[in-house]
file my_file.txt (compact mmCIF, C-alpha atoms)
# COMPACT_ATOMS: atom_id res chain seq x y z
CA MET K 1 77.79 167.82 107.35
CA GLU K 2 74.71 168.43 109.48
CA ALA K 3 72.61 166.35 107.05
CA THR K 4 75.01 163.44 107.46
CA ALA K 5 75.07 163.63 111.25
CA SER K 6 71.36 164.39 111.68
CA THR K 7 69.01 161.60 112.78
CA TYR K 8 66.37 162.77 110.30
CA PRO K 9 68.23 164.44 107.40
CA PRO K 10 66.25 166.64 105.02
CA PRO K 11 65.03 165.10 101.76
CA PRO K 12 67.18 165.56 98.66
CA PRO K 13 66.60 168.91 96.97
CA TYR K 14 65.30 167.46 93.71
CA TYR K 15 61.96 166.66 95.38
CA LYS K 16 60.97 170.24 94.50
CA LEU K 17 60.85 169.21 90.84
CA TYR K 18 57.83 167.05 91.69
CA ALA K 19 55.85 169.68 93.63
CA ASN K 20 53.00 169.62 91.07
CA TYR K 21 53.23 165.92 90.22
CA ASP K 22 49.91 164.18 89.54
CA PRO K 23 50.18 160.39 90.12
CA ASP K 24 46.98 159.72 88.14
CA SER K 25 48.05 161.43 84.93
CA GLY K 26 51.79 161.22 85.48
CA SER K 27 52.21 164.89 84.65
CA GLY K 28 53.94 167.63 86.56
CA GLY K 29 57.34 165.96 86.90
CA PRO K 30 60.43 166.14 84.72
CA ALA K 31 60.73 163.77 81.80
CA PRO K 32 62.91 160.71 82.36
CA PRO K 33 66.46 160.98 81.08
CA PRO K 34 67.20 159.42 77.68
CA ALA K 35 68.42 155.84 77.67
CA ILE K 36 72.17 155.38 77.51
CA THR K 37 73.40 153.72 74.32
CA GLY K 38 76.89 152.67 73.36
CA GLU K 39 79.82 153.16 75.67
CA TYR K 40 79.69 154.98 79.00
CA VAL K 41 81.83 155.33 82.10
CA SER K 42 80.62 154.44 85.60
CA PHE K 43 82.84 154.88 88.67
CA GLY K 44 85.82 155.29 86.37
CA ALA K 45 85.30 151.98 84.53
CA PRO K 46 84.18 151.84 80.86
CA TYR K 47 81.01 149.89 80.02
CA ASN K 48 79.07 149.12 76.85
CA THR K 49 75.30 148.68 76.54
CA GLU K 50 75.75 146.16 73.72
CA ASP K 51 75.63 142.59 75.01
CA ARG K 52 78.72 141.26 73.30
CA LEU K 53 82.18 140.02 74.18
CA PRO K 54 84.67 142.87 73.61
CA SER K 55 87.64 141.96 71.46
CA LEU K 56 91.12 141.64 72.88
CA GLU K 57 92.19 144.73 70.96
CA GLU K 58 89.44 146.75 72.63
CA GLN K 59 90.76 145.52 75.97
CA GLY K 60 94.31 146.53 75.07
CA VAL K 61 95.59 142.94 74.89
CA ARG K 62 97.67 141.49 72.04
CA GLN K 63 95.79 138.77 70.18
CA LEU K 64 97.73 135.57 69.47
CA PHE K 65 95.25 133.89 67.11
CA PRO K 66 93.65 134.92 63.79
CA SER K 67 90.86 137.48 64.00
CA ALA K 68 88.70 135.79 61.35
CA LYS K 69 85.07 135.11 62.22
CA ASN K 70 85.13 131.41 61.32
CA ILE K 71 88.30 130.30 63.06
CA ASN K 72 88.93 126.74 64.20
CA THR K 73 88.60 127.32 67.94
CA ARG K 74 89.62 123.79 68.87
CA ALA K 75 92.84 123.96 66.85
CA GLU K 76 93.70 127.39 68.26
CA LEU K 77 93.13 126.18 71.83
CA LYS K 78 95.39 123.20 71.23
CA ALA K 79 98.09 125.41 69.72
CA LEU K 80 97.94 127.87 72.62
CA GLY K 81 98.01 124.98 75.09
CA ARG K 82 101.15 123.55 73.52
CA GLU K 83 102.79 126.96 73.52
CA LEU K 84 101.83 127.39 77.17
CA GLY K 85 103.57 124.14 78.07
CA LEU K 86 106.75 125.28 76.30
CA LEU K 87 106.64 128.63 78.09
CA VAL K 88 106.29 126.94 81.48
CA LEU K 89 109.37 124.81 80.73
CA GLU K 90 111.21 127.92 79.59
CA LEU K 91 110.23 129.71 82.80
CA ALA K 92 111.61 126.83 84.88
CA ASP K 93 114.88 127.02 82.95
CA VAL K 94 115.08 130.81 83.31
CA LEU K 95 114.43 130.65 87.05
CA VAL K 96 117.45 128.36 87.41
CA GLU K 97 119.90 130.07 85.06
CA ARG K 98 118.68 133.68 84.62
CA PRO K 99 116.30 134.62 87.45
CA SER K 100 116.39 138.30 86.51
CA GLN K 101 114.67 137.53 83.17
CA ALA K 102 111.77 135.59 84.69
CA GLY K 103 109.46 138.60 84.47
CA ARG K 104 109.31 138.40 80.67
CA CYS K 105 108.31 134.73 80.77
CA VAL K 106 105.62 135.47 83.35
CA GLU K 107 104.21 138.22 81.10
CA ASP K 108 104.16 135.86 78.11
CA ILE K 109 102.36 133.19 80.16
CA SER K 110 99.84 135.77 81.38
CA LEU K 111 99.22 136.86 77.77
CA LEU K 112 98.67 133.24 76.74
CA PHE K 113 96.20 132.67 79.57
CA THR K 114 94.29 135.81 78.59
CA ASN K 115 93.97 134.57 75.00
CA LEU K 116 92.94 131.10 76.19
CA HIS K 117 90.26 132.57 78.45
CA TYR K 118 88.99 134.76 75.60
CA LEU K 119 88.62 131.77 73.28
CA LEU K 120 86.85 129.78 75.99
CA ASN K 121 84.48 132.67 76.71
CA SER K 122 83.64 132.91 73.00
CA LEU K 123 82.25 129.36 73.29
CA ARG K 124 79.92 130.23 76.18
CA PRO K 125 76.85 130.94 73.95
CA HIS K 126 77.23 127.53 72.28
CA GLN K 127 77.62 125.89 75.69
CA ALA K 128 74.50 127.67 76.97
CA ARG K 129 72.42 126.49 73.99
CA ALA K 130 73.67 122.91 74.35
CA THR K 131 72.98 122.95 78.10
CA LEU K 132 69.46 124.30 77.55
CA ALA K 133 68.74 121.67 74.89
CA HIS K 134 69.97 118.92 77.24
CA MET K 135 67.82 120.24 80.11
CA LEU K 136 64.70 120.36 77.91
CA LYS K 137 65.37 116.85 76.61
CA THR K 138 65.81 115.54 80.15
CA GLN K 139 62.58 117.22 81.30
CA LEU K 140 60.70 115.76 78.32
CA GLU K 141 61.95 112.25 79.10
CA MET K 142 61.01 112.61 82.78
CA ARG K 143 57.51 113.80 81.87
CA LYS K 144 57.06 110.90 79.46
CA LEU K 145 58.08 108.46 82.19
CA SER K 146 55.71 110.12 84.66
CA LEU K 147 52.86 109.98 82.15
CA GLN K 148 53.56 106.32 81.45
CA GLY K 149 53.50 105.58 85.18
CA ILE K 150 50.16 107.38 85.55
CA LYS K 151 48.68 105.36 82.67
CA GLU K 152 49.88 102.09 84.19
CA GLN K 153 48.43 102.97 87.58
CA ARG K 154 45.17 103.97 85.90
CA ARG K 155 44.94 100.59 84.16
CA ALA K 156 45.73 98.80 87.43
CA VAL K 157 42.98 100.72 89.25
CA TRP K 158 40.47 99.85 86.52
CA GLU K 159 41.38 96.17 86.79
CA VAL K 160 40.83 96.28 90.55
CA LEU K 161 37.50 98.04 90.09
CA LYS K 162 36.30 95.52 87.51
CA LEU K 163 37.36 92.66 89.78
CA ALA K 164 35.49 94.22 92.70
CA VAL K 165 32.38 94.74 90.57
CA GLY K 166 32.53 91.10 89.45
CA GLU K 167 32.71 89.91 93.05
CA VAL K 168 29.77 92.15 93.96
CA GLU K 169 27.76 90.69 91.07
CA GLU K 170 28.48 87.16 92.22
CA ALA K 171 27.56 88.03 95.81
CA THR K 172 24.29 89.72 94.86
CA GLN K 173 23.29 87.37 92.05
CA GLY K 174 20.92 85.41 94.26
CA GLU K 175 19.21 88.52 95.57
CA PRO K 176 16.13 89.93 93.77
CA GLY K 177 17.20 92.74 91.41
CA GLY K 178 20.83 92.50 92.59
CA GLY K 179 22.33 91.60 89.20
CA ALA K 180 20.63 94.46 87.38
CA SER K 181 21.83 96.96 89.96
CA SER K 182 25.43 95.74 89.70
CA LYS K 183 25.32 95.85 85.91
CA GLY K 184 24.04 99.41 86.05
CA ASP K 185 26.87 100.34 88.40
CA VAL K 186 29.43 98.88 85.98
CA GLU K 187 27.99 100.81 83.03
CA CYS K 188 27.95 103.99 85.13
CA MET K 189 31.62 103.53 86.10
CA GLU K 190 32.61 102.90 82.48
CA VAL K 191 30.85 106.10 81.37
CA GLU K 192 32.42 108.15 84.15
CA GLY K 193 35.85 106.65 83.42
CA GLY K 194 35.71 107.84 79.85
CA GLY K 195 36.29 104.39 78.39
CA GLY K 196 39.46 103.83 80.44
CA SER K 197 38.73 100.13 80.78
CA LYS K 198 39.22 99.70 77.02
CA GLN K 199 42.94 100.55 77.24
call {"tool": "encode", "arguments": {"input": "my_file.txt", "output": "structure tokens"}}
result
Amino acid sequence: MEATASTYPPPPPYYKLYANYDPDSGSGGPAPPPAITGEYVSFGAPYNTEDRLPSLEEQGVRQLFPSAKNINTRAELKALGRELGLLVLELADVLVERPSQAGRCVEDISLLFTNLHYLLNSLRPHQARATLAHMLKTQLEMRKLSLQGIKEQRRAVWEVLKLAVGEVEEATQGEPGGGASSKGDVECMEVEGGGGSKQ
């Protein structure tokens, strides 16, 4: 209690295990605990280290669709949706005529929703792959458009430069040695541009 109320509580007692710890070699301290594999319980809730969707049976829920690996998910979702609509109509009828039996209909609807959510969650990996493929395709198209815009601007700049060089040649043609200098400048620009004017 004093440690909780104290302004500067003492360090936890396990610091003594690292009294001879050498940070350079990493020796002197206890070995790390082994990694947890499989199922474990944390704060009273069960967890599993395997990254998979637990089955309805493992969650203690009755499964309303076949447990085969290659089931027709779309057909099962449609069937559960139709059954859900019938149960909602039945619940409305029960609430009018037999209100005391409404709890059973609510439980059946809750079970149907749980199965629907499970089937939808089983499609999440496929949705993630399709979303990633769409994002990559969109990025590729945007980069192609950006590259095309850069090439067009590059060609426009080269046209402006060639036009400016031509005007300089015309202006300096009457001067001694002016034409040769302008021609040398054009050749220099073409070499530095890496043959961009040919595109």
call {"tool": "residues_around", "arguments": {"input": "my_file.txt", "residues": "segment 61-78 of chain K", "least_positions_apart": "6", "cutoff": "8 Å", "atoms": "only C-alpha atoms", "output": "VMD selection string"}}
result
chain K and resid 111 to 112 115 to 116 119
call {"tool": "atom_distance", "arguments": {"input": "my_file.txt", "atom1": "atom CA of Ser122 of chain K", "atom2": "atom CA of Ala79 of chain K"}}
result
16.6 Å
call {"tool": "atom_distance", "arguments": {"input": "my_file.txt", "atom1": "atom CA of Ser27 of chain K", "atom2": "atom CA of Pro13 of chain K"}}
result
19.4 Å
call {"tool": "atom_distance", "arguments": {"input": "my_file.txt", "atom1": "atom CA of Glu50 of chain K", "atom2": "atom CA of His117 of chain K"}}
result
20.4 Å
call {"tool": "axis_aligned_box", "arguments": {"input": "my_file.txt", "around": "segment 75-86 of chain K", "padding_each_side": "6 Å", "output": "JSON"}}
result
{"center_x": 99.8, "center_y": 125.5, "center_z": 72.5, "size_x": 25.9, "size_y": 16.7, "size_z": 23.2}
call {"tool": "residues_around", "arguments": {"input": "my_file.txt", "residues": "Gly38 of chain K", "least_positions_apart": "4", "cutoff": "9 Å", "atoms": "all atoms listed in the file", "output": "number ranges by chain"}}
result
K: 47-50
call {"tool": "closest_residue", "arguments": {"input": "my_file.txt", "among": "K:Leu161, K:Leu53, K:Leu80, K:Leu86", "to": "Leu123 of chain K", "atoms": "only C-alpha atoms"}}
result
K:Leu53
call {"tool": "decode", "arguments": {"input": "my_file.txt", "residues": "segment 112-162 of chain K", "atoms": "N, CA and C atoms", "output": "compact mmCIF listing (two decimals), in the first residue's frame"}}
result
# COMPACT_ATOMS: atom_id res chain seq x y z
N LEU K 112 -29.19 -16.70 -36.69
CA LEU K 112 -29.05 -16.47 -38.13
C LEU K 112 -28.06 -15.35 -38.42
N PHE K 113 -28.14 -14.26 -37.67
CA PHE K 113 -27.20 -13.15 -37.86
C PHE K 113 -25.77 -13.59 -37.59
N THR K 114 -25.57 -14.42 -36.58
CA THR K 114 -24.22 -14.91 -36.28
C THR K 114 -23.67 -15.73 -37.43
N ASN K 115 -24.50 -16.59 -38.02
CA ASN K 115 -24.05 -17.39 -39.17
C ASN K 115 -23.79 -16.51 -40.38
N LEU K 116 -24.65 -15.50 -40.60
CA LEU K 116 -24.42 -14.58 -41.71
C LEU K 116 -23.11 -13.82 -41.55
N HIS K 117 -22.85 -13.33 -40.35
CA HIS K 117 -21.60 -12.61 -40.10
C HIS K 117 -20.39 -13.52 -40.29
N TYR K 118 -20.52 -14.78 -39.89
CA TYR K 118 -19.40 -15.71 -40.04
C TYR K 118 -19.09 -15.93 -41.53
N LEU K 119 -20.14 -16.13 -42.33
CA LEU K 119 -19.91 -16.32 -43.77
C LEU K 119 -19.31 -15.07 -44.40
N LEU K 120 -19.78 -13.90 -44.00
CA LEU K 120 -19.21 -12.66 -44.54
C LEU K 120 -17.75 -12.50 -44.12
N ASN K 121 -17.43 -12.83 -42.89
CA ASN K 121 -16.04 -12.72 -42.43
C ASN K 121 -15.13 -13.71 -43.14
N SER K 122 -15.67 -14.85 -43.56
CA SER K 122 -14.85 -15.82 -44.30
C SER K 122 -14.45 -15.29 -45.67
N LEU K 123 -15.17 -14.27 -46.16
CA LEU K 123 -14.84 -13.67 -47.46
C LEU K 123 -13.87 -12.50 -47.34
N ARG K 124 -13.50 -12.13 -46.12
CA ARG K 124 -12.61 -10.97 -45.94
C ARG K 124 -11.26 -11.14 -46.63
N PRO K 125 -10.60 -12.32 -46.57
CA PRO K 125 -9.31 -12.45 -47.28
C PRO K 125 -9.44 -12.21 -48.78
N HIS K 126 -10.53 -12.72 -49.39
CA HIS K 126 -10.73 -12.49 -50.82
C HIS K 126 -10.97 -11.01 -51.09
N GLN K 127 -11.73 -10.36 -50.22
CA GLN K 127 -11.97 -8.93 -50.38
C GLN K 127 -10.67 -8.14 -50.25
N ALA K 128 -9.82 -8.53 -49.30
CA ALA K 128 -8.55 -7.83 -49.11
C ALA K 128 -7.66 -7.96 -50.34
N ARG K 129 -7.59 -9.18 -50.92
CA ARG K 129 -6.77 -9.36 -52.12
C ARG K 129 -7.32 -8.55 -53.29
N ALA K 130 -8.65 -8.56 -53.47
CA ALA K 130 -9.24 -7.79 -54.57
C ALA K 130 -9.02 -6.29 -54.37
N THR K 131 -9.13 -5.82 -53.13
CA THR K 131 -8.91 -4.40 -52.85
C THR K 131 -7.46 -4.01 -53.13
N LEU K 132 -6.52 -4.87 -52.71
CA LEU K 132 -5.10 -4.59 -52.96
C LEU K 132 -4.80 -4.57 -54.45
N ALA K 133 -5.36 -5.53 -55.20
CA ALA K 133 -5.14 -5.56 -56.64
C ALA K 133 -5.70 -4.30 -57.30
N HIS K 134 -6.87 -3.86 -56.86
CA HIS K 134 -7.47 -2.63 -57.42
C HIS K 134 -6.61 -1.41 -57.09
N MET K 135 -6.09 -1.33 -55.87
CA MET K 135 -5.25 -0.20 -55.49
C MET K 135 -3.97 -0.16 -56.32
N LEU K 136 -3.34 -1.33 -56.52
CA LEU K 136 -2.11 -1.37 -57.31
C LEU K 136 -2.38 -1.00 -58.77
N LYS K 137 -3.52 -1.47 -59.30
CA LYS K 137 -3.87 -1.13 -60.67
C LYS K 137 -4.11 0.37 -60.82
N THR K 138 -4.79 0.96 -59.84
CA THR K 138 -5.05 2.40 -59.88
C THR K 138 -3.74 3.19 -59.80
N GLN K 139 -2.83 2.77 -58.90
CA GLN K 139 -1.54 3.45 -58.79
C GLN K 139 -0.75 3.35 -60.09
N LEU K 140 -0.79 2.17 -60.72
CA LEU K 140 -0.06 1.99 -61.98
C LEU K 140 -0.61 2.90 -63.06
N GLU K 141 -1.93 3.01 -63.16
CA GLU K 141 -2.53 3.89 -64.16
C GLU K 141 -2.18 5.35 -63.89
N MET K 142 -2.19 5.76 -62.61
CA MET K 142 -1.85 7.15 -62.29
C MET K 142 -0.39 7.44 -62.63
N ARG K 143 0.49 6.48 -62.37
CA ARG K 143 1.91 6.71 -62.69
C ARG K 143 2.13 6.76 -64.20
N LYS K 144 1.38 5.94 -64.95
CA LYS K 144 1.50 6.01 -66.40
C LYS K 144 1.04 7.36 -66.93
N LEU K 145 -0.07 7.87 -66.38
CA LEU K 145 -0.55 9.18 -66.79
C LEU K 145 0.45 10.28 -66.43
N SER K 146 1.04 10.18 -65.24
CA SER K 146 2.03 11.18 -64.83
C SER K 146 3.25 11.13 -65.74
N LEU K 147 3.71 9.92 -66.07
CA LEU K 147 4.86 9.78 -66.96
C LEU K 147 4.55 10.32 -68.35
N GLN K 148 3.34 10.07 -68.84
CA GLN K 148 2.96 10.60 -70.14
C GLN K 148 2.94 12.13 -70.12
N GLY K 149 2.43 12.71 -69.02
CA GLY K 149 2.43 14.17 -68.92
C GLY K 149 3.84 14.75 -68.89
N ILE K 150 4.75 14.06 -68.19
CA ILE K 150 6.14 14.53 -68.15
C ILE K 150 6.77 14.48 -69.54
N LYS K 151 6.51 13.40 -70.28
CA LYS K 151 7.06 13.29 -71.64
C LYS K 151 6.52 14.39 -72.54
N GLU K 152 5.22 14.68 -72.44
CA GLU K 152 4.64 15.74 -73.26
C GLU K 152 5.23 17.10 -72.92
N GLN K 153 5.40 17.37 -71.63
CA GLN K 153 6.01 18.64 -71.24
C GLN K 153 7.46 18.72 -71.70
N ARG K 154 8.15 17.59 -71.68
CA ARG K 154 9.55 17.57 -72.13
C ARG K 154 9.63 17.89 -73.62
N ARG K 155 8.73 17.29 -74.41
CA ARG K 155 8.72 17.60 -75.84
C ARG K 155 8.38 19.06 -76.09
N ALA K 156 7.42 19.60 -75.31
CA ALA K 156 7.06 21.01 -75.48
C ALA K 156 8.23 21.93 -75.16
N VAL K 157 8.98 21.60 -74.11
CA VAL K 157 10.14 22.42 -73.74
C VAL K 157 11.19 22.38 -74.83
N TRP K 158 11.42 21.17 -75.42
CA TRP K 158 12.41 21.07 -76.48
C TRP K 158 11.98 21.89 -77.71
N GLU K 159 10.69 21.89 -78.00
CA GLU K 159 10.23 22.69 -79.14
C GLU K 159 10.47 24.18 -78.89
N VAL K 160 10.21 24.62 -77.66
CA VAL K 160 10.44 26.03 -77.33
C VAL K 160 11.93 26.36 -77.43
N LEU K 161 12.77 25.45 -76.94
CA LEU K 161 14.22 25.69 -77.00
C LEU K 161 14.71 25.75 -78.44
N LYS K 162 14.22 24.84 -79.29
CA LYS K 162 14.66 24.86 -80.69
C LYS K 162 14.18 26.14 -81.39
